[in-house]
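Data from final-v8.cif: mmCIF, C-alpha atoms
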```cif
data_coords
loop_
_atom_site.label_atom_id
_atom_site.label_comp_id
_atom_site.auth_asym_id
_atom_site.auth_seq_id
_atom_site.Cartn_x
_atom_site.Cartn_y
_atom_site.Cartn_z
CA MET A 89 -31.30 27.62 28.12
CA THR A 90 -29.05 27.68 31.18
CA ASN A 91 -26.67 24.88 30.21
CA PRO A 92 -24.95 24.42 26.87
CA ARG A 93 -25.96 21.50 24.67
CA VAL A 94 -23.30 18.77 24.51
CA ALA A 95 -22.23 18.70 20.86
CA GLN A 96 -20.11 15.56 21.36
CA LYS A 97 -18.48 13.73 24.26
CA ALA A 98 -14.98 14.08 22.84
CA PRO A 99 -12.73 16.95 21.81
CA TYR A 100 -12.47 18.28 18.28
CA VAL A 101 -8.81 17.70 17.43
CA LEU A 102 -7.91 20.07 14.61
CA ASP A 103 -4.91 21.48 12.79
CA LEU A 104 -5.56 25.22 12.57
CA ALA A 105 -3.87 27.75 10.33
CA PRO A 106 -3.04 31.21 11.66
CA GLY A 107 -6.13 33.36 12.04
CA THR A 108 -9.09 34.19 14.24
CA TYR A 109 -11.71 31.57 15.04
CA TRP A 110 -14.89 31.67 17.13
CA TRP A 111 -15.58 28.58 19.25
CA CYS A 112 -19.24 27.71 19.80
CA ALA A 113 -20.07 27.90 23.52
CA CYS A 114 -23.78 27.05 23.32
CA GLY A 115 -23.51 23.71 21.51
CA LEU A 116 -26.22 24.64 18.99
CA SER A 117 -24.01 25.50 16.01
CA LYS A 118 -24.34 23.35 12.90
CA THR A 119 -20.66 24.07 12.13
CA GLN A 120 -19.15 22.58 15.32
CA PRO A 121 -16.85 23.37 16.95
CA PHE A 122 -17.15 26.84 15.46
CA CYS A 123 -19.92 29.41 15.89
CA ASP A 124 -22.60 29.88 13.23
CA GLY A 125 -24.66 32.42 15.19
CA SER A 126 -27.10 29.90 16.70
CA HIS A 127 -26.51 31.39 20.17
CA LYS A 128 -28.46 34.56 19.30
CA ASP A 129 -31.44 33.71 21.56
CA THR A 130 -29.34 32.32 24.43
CA GLU A 131 -27.14 33.78 27.14
CA PHE A 132 -24.05 32.20 25.56
CA THR A 133 -21.40 34.01 23.55
CA PRO A 134 -18.72 32.43 21.37
CA VAL A 135 -15.11 32.42 22.51
CA ARG A 136 -12.51 34.07 20.30
CA ILE A 137 -9.41 32.03 19.46
CA ASP A 138 -6.40 33.79 17.95
CA ILE A 139 -3.92 31.39 16.36
CA GLU A 140 -0.51 32.98 15.69
CA SER A 141 1.12 30.04 13.90
CA ALA A 142 -0.14 26.73 12.53
CA THR A 143 -0.87 24.38 15.42
CA SER A 144 -2.91 21.40 16.55
CA VAL A 145 -5.59 22.03 19.15
CA ALA A 146 -8.14 19.96 21.07
CA LEU A 147 -11.28 22.09 21.31
CA CYS A 148 -13.95 21.16 23.83
CA GLY A 149 -16.89 19.29 22.31
CA CYS A 150 -18.98 18.89 25.47
CA LYS A 151 -19.00 22.67 26.13
CA CYS A 152 -18.33 22.08 29.85
CA SER A 153 -14.53 22.39 30.06
CA ALA A 154 -13.11 24.64 32.76
CA SER A 155 -10.48 25.75 30.24
CA LYS A 156 -12.82 26.78 27.42
CA PRO A 157 -12.39 26.60 24.49
CA TYR A 158 -9.82 23.86 25.07
CA CYS A 159 -10.64 20.34 26.22
CA ASP A 160 -9.71 19.46 29.81
CA GLY A 161 -11.25 15.97 29.89
CA THR A 162 -14.56 17.00 31.50
CA HIS A 163 -16.44 14.99 28.84
CA LYS A 164 -15.24 11.79 30.55
CA LYS A 165 -17.44 12.65 33.56
CA LEU A 166 -20.67 13.26 31.60
#
```
Starting from the file, lay out its structure as structure tokens.
Amino acid sequence: MTNPRVAQKAPYVLDLAPGTYWWCACGLSKTQPFCDGSHKDTEFTPVRIDIESATSVALCGCKCSASKPYCDGTHKKL
């Protein structure tokens, strides 16, 4: 697997509480947009997100953003 699987062609817009989250980079997780360990047999690793205070985020759903884990609109070109 050299390219991530597109989980969805739109961002995941979420309100996150303070804490540490792991964004799925491979697209295989059943708990999108967060990692469930499905990447184990791939070259992908999840991306750590540290949230200091409650905030809204747009996390990449297509897994192709240049600003991973955040959406940069790349899904519009797929």
Do you know which residues are at most 8 Å from stretch 140-144 of chain A counting only C-alpha atoms, after dropping those on the same chain fewer than 6 positions away, and could you put them as a list in words?
-> Val101, Leu102, Asp103, Leu104, Ala105, Pro106 and Gly107 of chain A
Apply the PyMOL selection byres ((chain A and resi 126) around 6) to the structure shown and report the selected residues as an MDAnalysis selection string.
-> chainID A and resid 116:117 124:125 127:128
Correct to one decimal, the distance atom CA of A:Thr90-atom CA of A:Thr130 is 8.2 Å
Hey, what's within 9 Å of A:Pro99 if we count only C-alpha atoms and toss same-chain stuff fewer than 5 positions away? As a list of chain:residue names, please?
-> A:Ala146, A:Leu147, A:Cys148, A:Gly149, A:Cys150, A:Tyr158, A:Cys159, A:Asp160, A:Gly161, A:His163
Run through the PyMOL selection byres ((chain A and resi 138) around 7) on the given coordinates and return the selected residues as a list in words.
-> Gly107, Thr108, Tyr109, Arg136, Ile137, Ile139 and Glu140 of chain A
Those selected residues, please, written with C-alpha atoms and delivered as a CSV table (one decimal), in the frame of the given file.
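New file selection-v6.csv:
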```
chain,number,residue,atom,x,y,z
A,107,GLY,CA,-6.1,33.4,12.0
A,108,THR,CA,-9.1,34.2,14.2
A,109,TYR,CA,-11.7,31.6,15.0
A,136,ARG,CA,-12.5,34.1,20.3
A,137,ILE,CA,-9.4,32.0,19.5
A,139,ILE,CA,-3.9,31.4,16.4
A,140,GLU,CA,-0.5,33.0,15.7
```
Give as a PDB file with C-alpha atoms, in the frame of the given file each residue that has an atom at most 10 Å from (-23.2, 24.2, 26.9) in the file, counting only C-alpha atoms.
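Contents of the output file part_9.pdb:
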```pdb
ATOM      1  CA  MET A  89     -31.300  27.620  28.120  1.00  0.00           C
ATOM      2  CA  THR A  90     -29.050  27.680  31.180  1.00  0.00           C
ATOM      3  CA  ASN A  91     -26.670  24.880  30.210  1.00  0.00           C
ATOM      4  CA  PRO A  92     -24.950  24.420  26.870  1.00  0.00           C
ATOM      5  CA  ARG A  93     -25.960  21.500  24.670  1.00  0.00           C
ATOM      6  CA  VAL A  94     -23.300  18.770  24.510  1.00  0.00           C
ATOM      7  CA  ALA A  95     -22.230  18.700  20.860  1.00  0.00           C
ATOM      8  CA  CYS A 112     -19.240  27.710  19.800  1.00  0.00           C
ATOM      9  CA  ALA A 113     -20.070  27.900  23.520  1.00  0.00           C
ATOM     10  CA  CYS A 114     -23.780  27.050  23.320  1.00  0.00           C
ATOM     11  CA  GLY A 115     -23.510  23.710  21.510  1.00  0.00           C
ATOM     12  CA  LEU A 116     -26.220  24.640  18.990  1.00  0.00           C
ATOM     13  CA  PHE A 132     -24.050  32.200  25.560  1.00  0.00           C
ATOM     14  CA  GLY A 149     -16.890  19.290  22.310  1.00  0.00           C
ATOM     15  CA  CYS A 150     -18.980  18.890  25.470  1.00  0.00           C
ATOM     16  CA  LYS A 151     -19.000  22.670  26.130  1.00  0.00           C
ATOM     17  CA  CYS A 152     -18.330  22.080  29.850  1.00  0.00           C
ATOM     18  CA  SER A 153     -14.530  22.390  30.060  1.00  0.00           C
TER      19      SER A 153
END
```
Which value, in Å to one decimal, gives the distance between atom CA of A:Lys118 and atom CA of A:Glu131?
->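 Atom CA of A:Glu131 lies at a distance of 17.9 Å from atom CA of A:Lys118.
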What is the distance, in Å and to one decimal place, between atom CA of A:Phe122 and atom CA of A:Lys165?
->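 Between atom CA of A:Phe122 and atom CA of A:Lys165 the gap is 23.0 Å.
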Could you tell me which of A:Pro134, A:Lys164, A:Ala154, A:Tyr100 comes closest to A:Pro121 if we count only C-alpha atoms?
->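 Of A:Pro134, A:Lys164, A:Ala154, A:Tyr100, the one nearest A:Pro121 is A:Tyr100, counting only C-alpha atoms.
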Nearest to A:Trp111: which of A:Val145, A:Asp129, A:Lys156, A:Lys97 is it, counting only C-alpha atoms?
->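 For A:Trp111, the nearest of the given residues is A:Lys156.
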